[in-house]
Structures are given as C-alpha cells and as structure tokens.
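Chemist: This is model_19.cif, which holds mmCIF, N, CA and C atoms:
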data_input
#
loop_
_atom_site.label_atom_id
_atom_site.label_comp_id
_atom_site.auth_asym_id
_atom_site.auth_seq_id
_atom_site.Cartn_x
_atom_site.Cartn_y
_atom_site.Cartn_z
N MET A 1 45.06 -14.45 20.02
CA MET A 1 44.42 -14.30 18.73
C MET A 1 43.02 -14.90 18.73
N SER A 2 42.88 -16.03 19.38
CA SER A 2 41.57 -16.66 19.38
C SER A 2 40.55 -15.84 20.17
N SER A 3 40.98 -15.08 21.18
CA SER A 3 40.04 -14.24 21.92
C SER A 3 39.52 -13.11 21.04
N GLY A 4 40.36 -12.60 20.13
CA GLY A 4 39.93 -11.55 19.20
C GLY A 4 38.89 -12.08 18.23
N SER A 5 39.07 -13.29 17.72
CA SER A 5 38.09 -13.84 16.79
C SER A 5 36.79 -14.20 17.50
N ASN A 6 36.86 -14.53 18.79
CA ASN A 6 35.64 -14.79 19.56
C ASN A 6 34.83 -13.51 19.71
N LYS A 7 35.52 -12.37 19.92
CA LYS A 7 34.81 -11.09 20.01
C LYS A 7 34.14 -10.75 18.70
N GLU A 8 34.83 -11.01 17.59
CA GLU A 8 34.25 -10.73 16.27
C GLU A 8 33.01 -11.57 16.05
N LYS A 9 33.07 -12.82 16.47
CA LYS A 9 31.91 -13.70 16.32
C LYS A 9 30.75 -13.21 17.18
N ALA A 10 31.05 -12.77 18.39
CA ALA A 10 30.01 -12.27 19.28
C ALA A 10 29.39 -11.00 18.72
N ASN A 11 30.23 -10.11 18.16
CA ASN A 11 29.72 -8.88 17.59
C ASN A 11 28.87 -9.14 16.35
N SER A 12 29.26 -10.09 15.53
CA SER A 12 28.48 -10.37 14.32
C SER A 12 27.19 -11.10 14.65
N ALA A 13 27.16 -11.82 15.77
CA ALA A 13 25.97 -12.56 16.14
C ALA A 13 24.88 -11.64 16.70
N ALA A 14 25.28 -10.66 17.50
CA ALA A 14 24.31 -9.75 18.10
C ALA A 14 24.40 -8.40 17.40
N PRO A 15 23.31 -7.98 16.74
CA PRO A 15 23.34 -6.69 16.06
C PRO A 15 23.46 -5.54 17.07
N SER A 16 24.14 -4.50 16.65
CA SER A 16 24.32 -3.34 17.53
C SER A 16 22.99 -2.59 17.67
N GLU A 17 22.97 -1.69 18.66
CA GLU A 17 21.77 -0.89 18.89
C GLU A 17 21.45 -0.05 17.65
N GLN A 18 22.48 0.46 17.01
CA GLN A 18 22.28 1.27 15.80
C GLN A 18 21.68 0.43 14.67
N GLU A 19 22.16 -0.79 14.51
CA GLU A 19 21.62 -1.68 13.48
C GLU A 19 20.15 -2.02 13.77
N LEU A 20 19.84 -2.24 15.04
CA LEU A 20 18.46 -2.54 15.42
C LEU A 20 17.55 -1.34 15.13
N ARG A 21 18.03 -0.14 15.46
CA ARG A 21 17.25 1.06 15.17
C ARG A 21 17.02 1.22 13.67
N LEU A 22 18.08 1.01 12.91
CA LEU A 22 17.97 1.13 11.45
C LEU A 22 16.94 0.15 10.90
N THR A 23 17.00 -1.08 11.35
CA THR A 23 16.06 -2.10 10.89
C THR A 23 14.64 -1.77 11.33
N ALA A 24 14.47 -1.32 12.57
CA ALA A 24 13.14 -0.94 13.06
C ALA A 24 12.59 0.23 12.26
N ASN A 25 13.43 1.22 11.97
CA ASN A 25 13.01 2.36 11.16
C ASN A 25 12.63 1.93 9.75
N GLN A 26 13.37 0.98 9.22
CA GLN A 26 13.07 0.47 7.87
C GLN A 26 11.70 -0.21 7.86
N TYR A 27 11.44 -1.04 8.86
CA TYR A 27 10.12 -1.68 8.97
C TYR A 27 9.02 -0.62 9.07
N THR A 28 9.24 0.37 9.93
CA THR A 28 8.24 1.43 10.13
C THR A 28 7.98 2.18 8.83
N ASN A 29 9.04 2.54 8.13
CA ASN A 29 8.89 3.28 6.87
C ASN A 29 8.17 2.45 5.81
N GLU A 30 8.49 1.15 5.74
CA GLU A 30 7.81 0.27 4.78
C GLU A 30 6.32 0.19 5.10
N LEU A 31 5.99 0.04 6.38
CA LEU A 31 4.58 -0.05 6.77
C LEU A 31 3.84 1.25 6.46
N LYS A 32 4.48 2.38 6.71
CA LYS A 32 3.86 3.67 6.41
C LYS A 32 3.63 3.83 4.91
N ALA A 33 4.61 3.41 4.10
CA ALA A 33 4.49 3.53 2.65
C ALA A 33 3.34 2.68 2.12
N VAL A 34 3.23 1.45 2.60
CA VAL A 34 2.16 0.56 2.16
C VAL A 34 0.80 1.11 2.61
N ALA A 35 0.72 1.59 3.86
CA ALA A 35 -0.53 2.15 4.36
C ALA A 35 -0.93 3.39 3.56
N SER A 36 0.03 4.20 3.20
CA SER A 36 -0.24 5.40 2.39
C SER A 36 -0.79 5.01 1.02
N LYS A 37 -0.19 4.01 0.39
CA LYS A 37 -0.66 3.56 -0.92
C LYS A 37 -2.07 2.98 -0.83
N ILE A 38 -2.35 2.24 0.24
CA ILE A 38 -3.70 1.70 0.44
C ILE A 38 -4.70 2.85 0.55
N GLY A 39 -4.34 3.89 1.30
CA GLY A 39 -5.21 5.04 1.45
C GLY A 39 -5.48 5.73 0.11
N GLU A 40 -4.44 5.90 -0.69
CA GLU A 40 -4.60 6.51 -2.02
C GLU A 40 -5.55 5.69 -2.88
N LEU A 41 -5.35 4.39 -2.87
CA LEU A 41 -6.19 3.51 -3.69
C LEU A 41 -7.63 3.49 -3.20
N GLU A 42 -7.83 3.56 -1.89
CA GLU A 42 -9.20 3.60 -1.36
C GLU A 42 -9.91 4.88 -1.82
N ASN A 43 -9.20 6.00 -1.85
CA ASN A 43 -9.79 7.24 -2.35
C ASN A 43 -10.13 7.12 -3.84
N GLU A 44 -9.23 6.53 -4.60
CA GLU A 44 -9.47 6.33 -6.03
C GLU A 44 -10.67 5.40 -6.24
N LEU A 45 -10.79 4.39 -5.40
CA LEU A 45 -11.92 3.46 -5.50
C LEU A 45 -13.23 4.19 -5.23
N LYS A 46 -13.24 5.06 -4.24
CA LYS A 46 -14.46 5.84 -3.94
C LYS A 46 -14.84 6.71 -5.13
N GLU A 47 -13.84 7.31 -5.78
CA GLU A 47 -14.11 8.13 -6.95
C GLU A 47 -14.72 7.29 -8.07
N HIS A 48 -14.16 6.11 -8.30
CA HIS A 48 -14.69 5.22 -9.33
C HIS A 48 -16.14 4.84 -9.01
N GLU A 49 -16.39 4.49 -7.74
CA GLU A 49 -17.75 4.11 -7.35
C GLU A 49 -18.73 5.24 -7.60
N LEU A 50 -18.34 6.46 -7.29
CA LEU A 50 -19.20 7.62 -7.49
C LEU A 50 -19.49 7.84 -8.97
N VAL A 51 -18.46 7.75 -9.80
CA VAL A 51 -18.65 7.95 -11.25
C VAL A 51 -19.51 6.83 -11.83
N ILE A 52 -19.28 5.61 -11.42
CA ILE A 52 -20.08 4.48 -11.92
C ILE A 52 -21.54 4.66 -11.53
N LYS A 53 -21.78 5.06 -10.29
CA LYS A 53 -23.16 5.29 -9.83
C LYS A 53 -23.82 6.40 -10.65
N THR A 54 -23.09 7.47 -10.88
CA THR A 54 -23.63 8.60 -11.64
C THR A 54 -23.93 8.21 -13.08
N LEU A 55 -22.98 7.51 -13.71
CA LEU A 55 -23.18 7.12 -15.11
C LEU A 55 -24.26 6.05 -15.27
N SER A 56 -24.48 5.26 -14.24
CA SER A 56 -25.52 4.23 -14.30
C SER A 56 -26.92 4.84 -14.35
N GLU A 57 -27.04 6.09 -13.91
CA GLU A 57 -28.34 6.75 -13.83
C GLU A 57 -28.66 7.59 -15.07
N VAL A 58 -27.73 7.67 -16.01
CA VAL A 58 -27.97 8.49 -17.22
C VAL A 58 -28.19 7.57 -18.42
N PRO A 59 -28.78 8.09 -19.50
CA PRO A 59 -28.98 7.26 -20.69
C PRO A 59 -27.65 6.73 -21.23
N THR A 60 -27.67 5.50 -21.72
CA THR A 60 -26.43 4.87 -22.19
C THR A 60 -25.87 5.51 -23.45
N THR A 61 -26.69 6.26 -24.17
CA THR A 61 -26.21 6.91 -25.40
C THR A 61 -25.61 8.29 -25.12
N ARG A 62 -25.69 8.73 -23.90
CA ARG A 62 -25.17 10.05 -23.54
C ARG A 62 -23.65 10.08 -23.71
N LYS A 63 -23.17 11.20 -24.22
CA LYS A 63 -21.73 11.35 -24.40
C LYS A 63 -21.09 11.74 -23.08
N CYS A 64 -19.89 11.22 -22.88
CA CYS A 64 -19.11 11.59 -21.71
C CYS A 64 -17.64 11.66 -22.12
N HIS A 65 -16.84 12.22 -21.28
CA HIS A 65 -15.42 12.37 -21.59
C HIS A 65 -14.61 11.59 -20.57
N ARG A 66 -13.51 11.02 -21.08
CA ARG A 66 -12.64 10.23 -20.22
C ARG A 66 -11.21 10.64 -20.49
N LEU A 67 -10.45 10.84 -19.43
CA LEU A 67 -9.05 11.23 -19.55
C LEU A 67 -8.20 9.97 -19.54
N ILE A 68 -7.50 9.73 -20.66
CA ILE A 68 -6.64 8.56 -20.78
C ILE A 68 -5.25 9.04 -21.15
N ASN A 69 -4.29 8.81 -20.26
CA ASN A 69 -2.90 9.23 -20.48
C ASN A 69 -2.80 10.70 -20.88
N GLY A 70 -3.56 11.54 -20.22
CA GLY A 70 -3.50 12.97 -20.46
C GLY A 70 -4.28 13.44 -21.68
N VAL A 71 -4.99 12.53 -22.34
CA VAL A 71 -5.77 12.90 -23.52
C VAL A 71 -7.25 12.73 -23.18
N LEU A 72 -8.03 13.79 -23.43
CA LEU A 72 -9.46 13.75 -23.16
C LEU A 72 -10.16 13.14 -24.36
N ILE A 73 -10.87 12.05 -24.14
CA ILE A 73 -11.52 11.30 -25.21
C ILE A 73 -13.02 11.32 -25.00
N GLU A 74 -13.76 11.57 -26.08
CA GLU A 74 -15.22 11.58 -26.01
C GLU A 74 -15.73 10.19 -26.36
N ARG A 75 -16.56 9.65 -25.50
CA ARG A 75 -17.16 8.33 -25.68
C ARG A 75 -18.60 8.39 -25.20
N THR A 76 -19.29 7.26 -25.36
CA THR A 76 -20.64 7.16 -24.79
C THR A 76 -20.55 6.42 -23.46
N VAL A 77 -21.59 6.54 -22.67
CA VAL A 77 -21.64 5.86 -21.37
C VAL A 77 -21.48 4.35 -21.57
N THR A 78 -22.07 3.81 -22.64
CA THR A 78 -21.97 2.38 -22.93
C THR A 78 -20.52 1.94 -23.08
N GLU A 79 -19.70 2.79 -23.66
CA GLU A 79 -18.29 2.44 -23.88
C GLU A 79 -17.44 2.63 -22.62
N VAL A 80 -17.78 3.63 -21.83
CA VAL A 80 -16.95 3.98 -20.68
C VAL A 80 -17.25 3.13 -19.45
N LEU A 81 -18.50 2.81 -19.22
CA LEU A 81 -18.90 2.11 -18.00
C LEU A 81 -18.18 0.77 -17.80
N PRO A 82 -18.07 -0.09 -18.81
CA PRO A 82 -17.36 -1.36 -18.59
C PRO A 82 -15.88 -1.15 -18.21
N ALA A 83 -15.24 -0.16 -18.82
CA ALA A 83 -13.84 0.11 -18.49
C ALA A 83 -13.70 0.59 -17.05
N LEU A 84 -14.63 1.44 -16.62
CA LEU A 84 -14.60 1.92 -15.24
C LEU A 84 -14.81 0.77 -14.25
N LYS A 85 -15.71 -0.13 -14.58
CA LYS A 85 -15.97 -1.27 -13.70
C LYS A 85 -14.75 -2.19 -13.63
N ALA A 86 -14.08 -2.38 -14.76
CA ALA A 86 -12.86 -3.20 -14.78
C ALA A 86 -11.77 -2.54 -13.93
N ASN A 87 -11.63 -1.22 -14.07
CA ASN A 87 -10.65 -0.49 -13.25
C ASN A 87 -10.97 -0.62 -11.76
N GLU A 88 -12.26 -0.54 -11.44
CA GLU A 88 -12.69 -0.65 -10.05
C GLU A 88 -12.30 -2.02 -9.48
N GLU A 89 -12.52 -3.07 -10.25
CA GLU A 89 -12.15 -4.42 -9.81
C GLU A 89 -10.64 -4.55 -9.62
N GLY A 90 -9.88 -3.94 -10.53
CA GLY A 90 -8.43 -3.97 -10.42
C GLY A 90 -7.94 -3.25 -9.18
N ILE A 91 -8.55 -2.12 -8.86
CA ILE A 91 -8.18 -1.36 -7.67
C ILE A 91 -8.51 -2.17 -6.42
N GLN A 92 -9.69 -2.81 -6.40
CA GLN A 92 -10.07 -3.63 -5.25
C GLN A 92 -9.08 -4.77 -5.05
N SER A 93 -8.68 -5.39 -6.14
CA SER A 93 -7.72 -6.49 -6.07
C SER A 93 -6.37 -6.01 -5.53
N THR A 94 -5.93 -4.85 -6.00
CA THR A 94 -4.66 -4.30 -5.55
C THR A 94 -4.72 -3.95 -4.06
N ILE A 95 -5.84 -3.41 -3.62
CA ILE A 95 -6.00 -3.08 -2.20
C ILE A 95 -5.91 -4.35 -1.36
N LYS A 96 -6.54 -5.43 -1.81
CA LYS A 96 -6.46 -6.70 -1.08
C LYS A 96 -5.03 -7.20 -0.99
N GLN A 97 -4.30 -7.12 -2.10
CA GLN A 97 -2.89 -7.57 -2.12
C GLN A 97 -2.04 -6.73 -1.17
N LEU A 98 -2.22 -5.41 -1.23
CA LEU A 98 -1.43 -4.53 -0.37
C LEU A 98 -1.78 -4.72 1.11
N THR A 99 -3.06 -4.97 1.39
CA THR A 99 -3.47 -5.22 2.77
C THR A 99 -2.82 -6.50 3.29
N SER A 100 -2.79 -7.52 2.46
CA SER A 100 -2.14 -8.77 2.83
C SER A 100 -0.64 -8.54 3.05
N GLN A 101 -0.03 -7.79 2.15
CA GLN A 101 1.39 -7.47 2.27
C GLN A 101 1.66 -6.68 3.56
N TYR A 102 0.78 -5.74 3.88
CA TYR A 102 0.92 -4.95 5.10
C TYR A 102 0.88 -5.85 6.33
N LYS A 103 -0.10 -6.76 6.37
CA LYS A 103 -0.25 -7.65 7.52
C LYS A 103 0.98 -8.54 7.69
N THR A 104 1.52 -9.03 6.56
CA THR A 104 2.71 -9.87 6.61
C THR A 104 3.91 -9.09 7.16
N ARG A 105 4.11 -7.89 6.64
CA ARG A 105 5.23 -7.06 7.10
C ARG A 105 5.06 -6.66 8.57
N GLU A 106 3.82 -6.39 8.95
CA GLU A 106 3.55 -6.01 10.33
C GLU A 106 3.88 -7.18 11.26
N LYS A 107 3.53 -8.39 10.86
CA LYS A 107 3.84 -9.58 11.67
C LYS A 107 5.35 -9.76 11.79
N LEU A 108 6.07 -9.57 10.68
CA LEU A 108 7.53 -9.67 10.72
C LEU A 108 8.12 -8.63 11.67
N PHE A 109 7.57 -7.43 11.63
CA PHE A 109 8.06 -6.35 12.50
C PHE A 109 7.80 -6.67 13.96
N ILE A 110 6.61 -7.18 14.25
CA ILE A 110 6.27 -7.54 15.64
C ILE A 110 7.19 -8.65 16.12
N ASP A 111 7.44 -9.65 15.26
CA ASP A 111 8.36 -10.74 15.63
C ASP A 111 9.76 -10.19 15.88
N PHE A 112 10.21 -9.27 15.04
CA PHE A 112 11.52 -8.64 15.19
C PHE A 112 11.60 -7.89 16.52
N GLN A 113 10.54 -7.14 16.84
CA GLN A 113 10.50 -6.39 18.10
C GLN A 113 10.57 -7.33 19.30
N GLN A 114 9.82 -8.41 19.24
CA GLN A 114 9.80 -9.35 20.36
C GLN A 114 11.14 -10.07 20.50
N LYS A 115 11.74 -10.44 19.40
CA LYS A 115 13.01 -11.15 19.41
C LYS A 115 14.11 -10.30 20.06
N HIS A 116 14.09 -9.01 19.76
CA HIS A 116 15.15 -8.13 20.24
C HIS A 116 14.72 -7.24 21.41
N GLY A 117 13.51 -7.45 21.92
CA GLY A 117 13.04 -6.68 23.08
C GLY A 117 12.93 -5.20 22.78
N ILE A 118 12.42 -4.87 21.62
CA ILE A 118 12.32 -3.47 21.19
C ILE A 118 10.93 -2.95 21.46
N ARG A 119 10.87 -1.72 21.98
CA ARG A 119 9.59 -1.03 22.14
C ARG A 119 9.70 0.27 21.35
N ILE A 120 8.69 0.56 20.57
CA ILE A 120 8.68 1.79 19.78
C ILE A 120 7.96 2.85 20.60
N ALA A 121 8.63 3.98 20.80
CA ALA A 121 8.03 5.08 21.56
C ALA A 121 6.96 5.73 20.70
N GLN A 122 5.77 5.88 21.25
CA GLN A 122 4.66 6.50 20.54
C GLN A 122 4.74 8.00 20.74
N SER A 123 4.70 8.74 19.63
CA SER A 123 4.69 10.19 19.75
C SER A 123 3.27 10.67 19.97
N SER A 124 3.10 11.66 20.85
CA SER A 124 1.74 12.12 21.15
C SER A 124 1.41 13.42 20.49
#
Once you've parsed the file, please lay out its structure as structure tokens.

Modeler:
Amino acid sequence: MSSGSNKEKANSAAPSEQELRLTANQYTNELKAVASKIGELENELKEHELVIKTLSEVPTTRKCHRLINGVLIERTVTEVLPALKANEEGIQSTIKQLTSQYKTREKLFIDFQQKHGIRIAQSS
C-alpha cells in the first residue's frame, strides 16, 4: 500500500507532459492576447495624436463632431481638444501598464520553460 501512495506523490510532484503543454499554451495565449491589446491601443493612440494635431491647427471656435457612445455630438474645438488629450494620456498609461504586465508574464513563462526544460518550436 505504501508503494502505491509513493507513486501518487511522485505523480503529483512532477506534472505530466500534457499538463506542461497546457500550461505553456496558456502562457503563450496570454502573451498573445496582451500583445494584441497593446497593438490595438497603439493604433488608437496614433489616431488620437493625428486628430489632436489636426484640431490644434484650426480656429478654436470651429465646430467639430465627436462620437460618444454611438451618439454624434456637435462641439467646438475648445471643448473637444481637452477631452482628446485626456483620452490620449489614459491610453498611454494603459499601454505602459500592459507592457509591464507583458514583461512580467514573459519572465514567468521563461522561468517556467527553464524549470521544466521546455523549448517552444518556432513555426516558419
């Protein structure tokens, strides 16, 4: 009986190949998701920068339209520009947080790979 419980302890201590693959795939998927979100936000940031640059060059009393929650609202450049700049700062902050999160997860994944001697096959 004690030899059976020793096997159970050994099995629970060392994860199976399938468990290692699942965990590695989970790390990979998480990293891809975070990288994808960073890419989306970087594109949105570029759009904000372009609109801010364009609006900065027109008279402040000029009317412009802004889409808020699916509703098109008419405002002046004076009213819209500060909100756009605030959004831009928020996007930059979120990108920094996600980049930090990505680096942390990447380090955990690398440590996991080294601990278990895992190599990820690169597709060409």

Chemist: Name the closest residue to Leu45 of chain A among the candidates A:Gly117, A:Pro82, A:Pro15, A:Gly90; distances are taken between atoms, counting only C-alpha atoms.

Modeler: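 Using only C-alpha atoms, Leu45 of chain A sits closest to A:Gly90.
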
Chemist: Suppose you want the space between atom C of Leu67 of chain A and atom C of Leu41 of chain A; what is it in Å?

Modeler: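 Separation between atom C of Leu67 of chain A and atom C of Leu41 of chain A: 17.6 Å.
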
Chemist: I need the strand (DSSP E or B) residues of chain A per DSSP on the backbone, written as a VMD selection string.

Modeler: chain A and resid 63 to 68 71 to 76

Chemist: Leaving out Ile38 of chain A and any residue of its chain fewer than 2 positions from it, which residues lie within 8 Å of it when counting only C-alpha atoms, given as a PyMOL selection string?

Modeler: chain A and resi 34-36+40-42+95+98-99

Chemist: Hey, which of A:Ile118, A:Leu20, A:Ile68, A:Leu84 ends up closest to Ile52 of chain A? Count all atoms listed in the file.

Modeler: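 For Ile52 of chain A, the nearest of the candidates is A:Leu84.
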
Chemist: Quick one: pull the distance between atom CA of Ile73 of chain A and atom N of Ser93 of chain A, Å, one decimal.

Modeler: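 Going from atom CA of Ile73 of chain A over to atom N of Ser93 of chain A, I get 25.5 Å.
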
Chemist: Using the block above, I'd like segment 98-109 of chain A written out, keeping all heavy atoms and formatting it as an mmCIF file, in the first residue's frame.

Modeler:
data_model
loop_
_atom_site.group_PDB
_atom_site.id
_atom_site.type_symbol
_atom_site.label_atom_id
_atom_site.label_comp_id
_atom_site.auth_asym_id
_atom_site.auth_seq_id
_atom_site.Cartn_x
_atom_site.Cartn_y
_atom_site.Cartn_z
ATOM 1 N N LEU A 98 0.071 47.647 -19.557
ATOM 2 C CA LEU A 98 0.025 46.379 -20.285
ATOM 3 C C LEU A 98 1.421 45.905 -20.680
ATOM 4 O O LEU A 98 1.707 44.701 -20.645
ATOM 5 C CB LEU A 98 -0.858 46.512 -21.528
ATOM 6 C CG LEU A 98 -2.360 46.555 -21.277
ATOM 7 C CD1 LEU A 98 -3.125 46.837 -22.570
ATOM 8 C CD2 LEU A 98 -2.849 45.258 -20.649
ATOM 9 N N THR A 99 2.296 46.845 -21.019
ATOM 10 C CA THR A 99 3.673 46.483 -21.362
ATOM 11 C C THR A 99 4.373 45.884 -20.145
ATOM 12 O O THR A 99 5.065 44.868 -20.248
ATOM 13 C CB THR A 99 4.442 47.705 -21.898
ATOM 14 O OG1 THR A 99 3.748 48.207 -23.053
ATOM 15 C CG2 THR A 99 5.868 47.353 -22.267
ATOM 16 N N SER A 100 4.162 46.490 -19.001
ATOM 17 C CA SER A 100 4.730 45.966 -17.761
ATOM 18 C C SER A 100 4.168 44.575 -17.457
ATOM 19 O O SER A 100 4.906 43.659 -17.083
ATOM 20 C CB SER A 100 4.426 46.925 -16.609
ATOM 21 O OG SER A 100 4.811 46.372 -15.389
ATOM 22 N N GLN A 101 2.868 44.428 -17.629
ATOM 23 C CA GLN A 101 2.214 43.137 -17.411
ATOM 24 C C GLN A 101 2.772 42.088 -18.378
ATOM 25 O O GLN A 101 3.035 40.954 -17.984
ATOM 26 C CB GLN A 101 0.707 43.299 -17.607
ATOM 27 C CG GLN A 101 -0.101 42.051 -17.387
ATOM 28 C CD GLN A 101 -1.588 42.282 -17.636
ATOM 29 O OE1 GLN A 101 -2.016 43.369 -17.973
ATOM 30 N NE2 GLN A 101 -2.360 41.235 -17.489
ATOM 31 N N TYR A 102 2.977 42.474 -19.626
ATOM 32 C CA TYR A 102 3.522 41.560 -20.629
ATOM 33 C C TYR A 102 4.917 41.086 -20.214
ATOM 34 O O TYR A 102 5.216 39.894 -20.267
ATOM 35 C CB TYR A 102 3.590 42.242 -22.002
ATOM 36 C CG TYR A 102 4.089 41.331 -23.097
ATOM 37 C CD1 TYR A 102 3.212 40.551 -23.828
ATOM 38 C CD2 TYR A 102 5.453 41.241 -23.386
ATOM 39 C CE1 TYR A 102 3.671 39.698 -24.835
ATOM 40 C CE2 TYR A 102 5.916 40.391 -24.368
ATOM 41 C CZ TYR A 102 5.025 39.623 -25.094
ATOM 42 O OH TYR A 102 5.492 38.778 -26.068
ATOM 43 N N LYS A 103 5.763 42.028 -19.797
ATOM 44 C CA LYS A 103 7.134 41.682 -19.407
ATOM 45 C C LYS A 103 7.141 40.734 -18.208
ATOM 46 O O LYS A 103 7.934 39.799 -18.140
ATOM 47 C CB LYS A 103 7.937 42.946 -19.108
ATOM 48 C CG LYS A 103 8.280 43.733 -20.350
ATOM 49 C CD LYS A 103 9.016 45.014 -20.029
ATOM 50 C CE LYS A 103 9.305 45.801 -21.294
ATOM 51 N NZ LYS A 103 9.948 47.085 -21.020
ATOM 52 N N THR A 104 6.242 40.983 -17.246
ATOM 53 C CA THR A 104 6.146 40.125 -16.068
ATOM 54 C C THR A 104 5.727 38.708 -16.462
ATOM 55 O O THR A 104 6.334 37.724 -16.033
ATOM 56 C CB THR A 104 5.135 40.701 -15.064
ATOM 57 O OG1 THR A 104 5.554 42.018 -14.689
ATOM 58 C CG2 THR A 104 5.029 39.840 -13.822
ATOM 59 N N ARG A 105 4.697 38.612 -17.293
ATOM 60 C CA ARG A 105 4.216 37.295 -17.738
ATOM 61 C C ARG A 105 5.271 36.577 -18.578
ATOM 62 O O ARG A 105 5.428 35.366 -18.483
ATOM 63 C CB ARG A 105 2.921 37.426 -18.523
ATOM 64 C CG ARG A 105 1.740 37.787 -17.671
ATOM 65 C CD ARG A 105 0.483 37.906 -18.520
ATOM 66 N NE ARG A 105 -0.609 38.476 -17.784
ATOM 67 C CZ ARG A 105 -1.533 37.765 -17.155
ATOM 68 N NH1 ARG A 105 -1.474 36.461 -17.173
ATOM 69 N NH2 ARG A 105 -2.509 38.360 -16.514
ATOM 70 N N GLU A 106 5.974 37.342 -19.400
ATOM 71 C CA GLU A 106 7.017 36.757 -20.234
ATOM 72 C C GLU A 106 8.124 36.177 -19.359
ATOM 73 O O GLU A 106 8.621 35.079 -19.619
ATOM 74 C CB GLU A 106 7.575 37.815 -21.189
ATOM 75 C CG GLU A 106 8.582 37.281 -22.177
ATOM 76 C CD GLU A 106 9.075 38.358 -23.126
ATOM 77 O OE1 GLU A 106 9.337 39.497 -22.678
ATOM 78 O OE2 GLU A 106 9.199 38.045 -24.323
ATOM 79 N N LYS A 107 8.501 36.895 -18.305
ATOM 80 C CA LYS A 107 9.536 36.410 -17.384
ATOM 81 C C LYS A 107 9.068 35.132 -16.694
ATOM 82 O O LYS A 107 9.828 34.170 -16.573
ATOM 83 C CB LYS A 107 9.868 37.482 -16.349
ATOM 84 C CG LYS A 107 10.777 36.998 -15.235
ATOM 85 C CD LYS A 107 12.008 37.830 -15.093
ATOM 86 C CE LYS A 107 12.898 37.436 -13.959
ATOM 87 N NZ LYS A 107 13.291 36.039 -13.900
ATOM 88 N N LEU A 108 7.796 35.105 -16.259
ATOM 89 C CA LEU A 108 7.255 33.899 -15.636
ATOM 90 C C LEU A 108 7.296 32.722 -16.606
ATOM 91 O O LEU A 108 7.617 31.592 -16.222
ATOM 92 C CB LEU A 108 5.816 34.137 -15.169
ATOM 93 C CG LEU A 108 5.621 35.056 -13.970
ATOM 94 C CD1 LEU A 108 4.144 35.348 -13.753
ATOM 95 C CD2 LEU A 108 6.224 34.432 -12.721
ATOM 96 N N PHE A 109 6.962 32.982 -17.855
ATOM 97 C CA PHE A 109 6.959 31.929 -18.871
ATOM 98 C C PHE A 109 8.366 31.414 -19.113
ATOM 99 O O PHE A 109 8.598 30.204 -19.205
ATOM 100 C CB PHE A 109 6.332 32.457 -20.164
ATOM 101 C CG PHE A 109 6.155 31.422 -21.246
ATOM 102 C CD1 PHE A 109 5.819 30.109 -20.947
ATOM 103 C CD2 PHE A 109 6.322 31.763 -22.576
ATOM 104 C CE1 PHE A 109 5.646 29.161 -21.947
ATOM 105 C CE2 PHE A 109 6.158 30.828 -23.585
ATOM 106 C CZ PHE A 109 5.819 29.524 -23.270
#
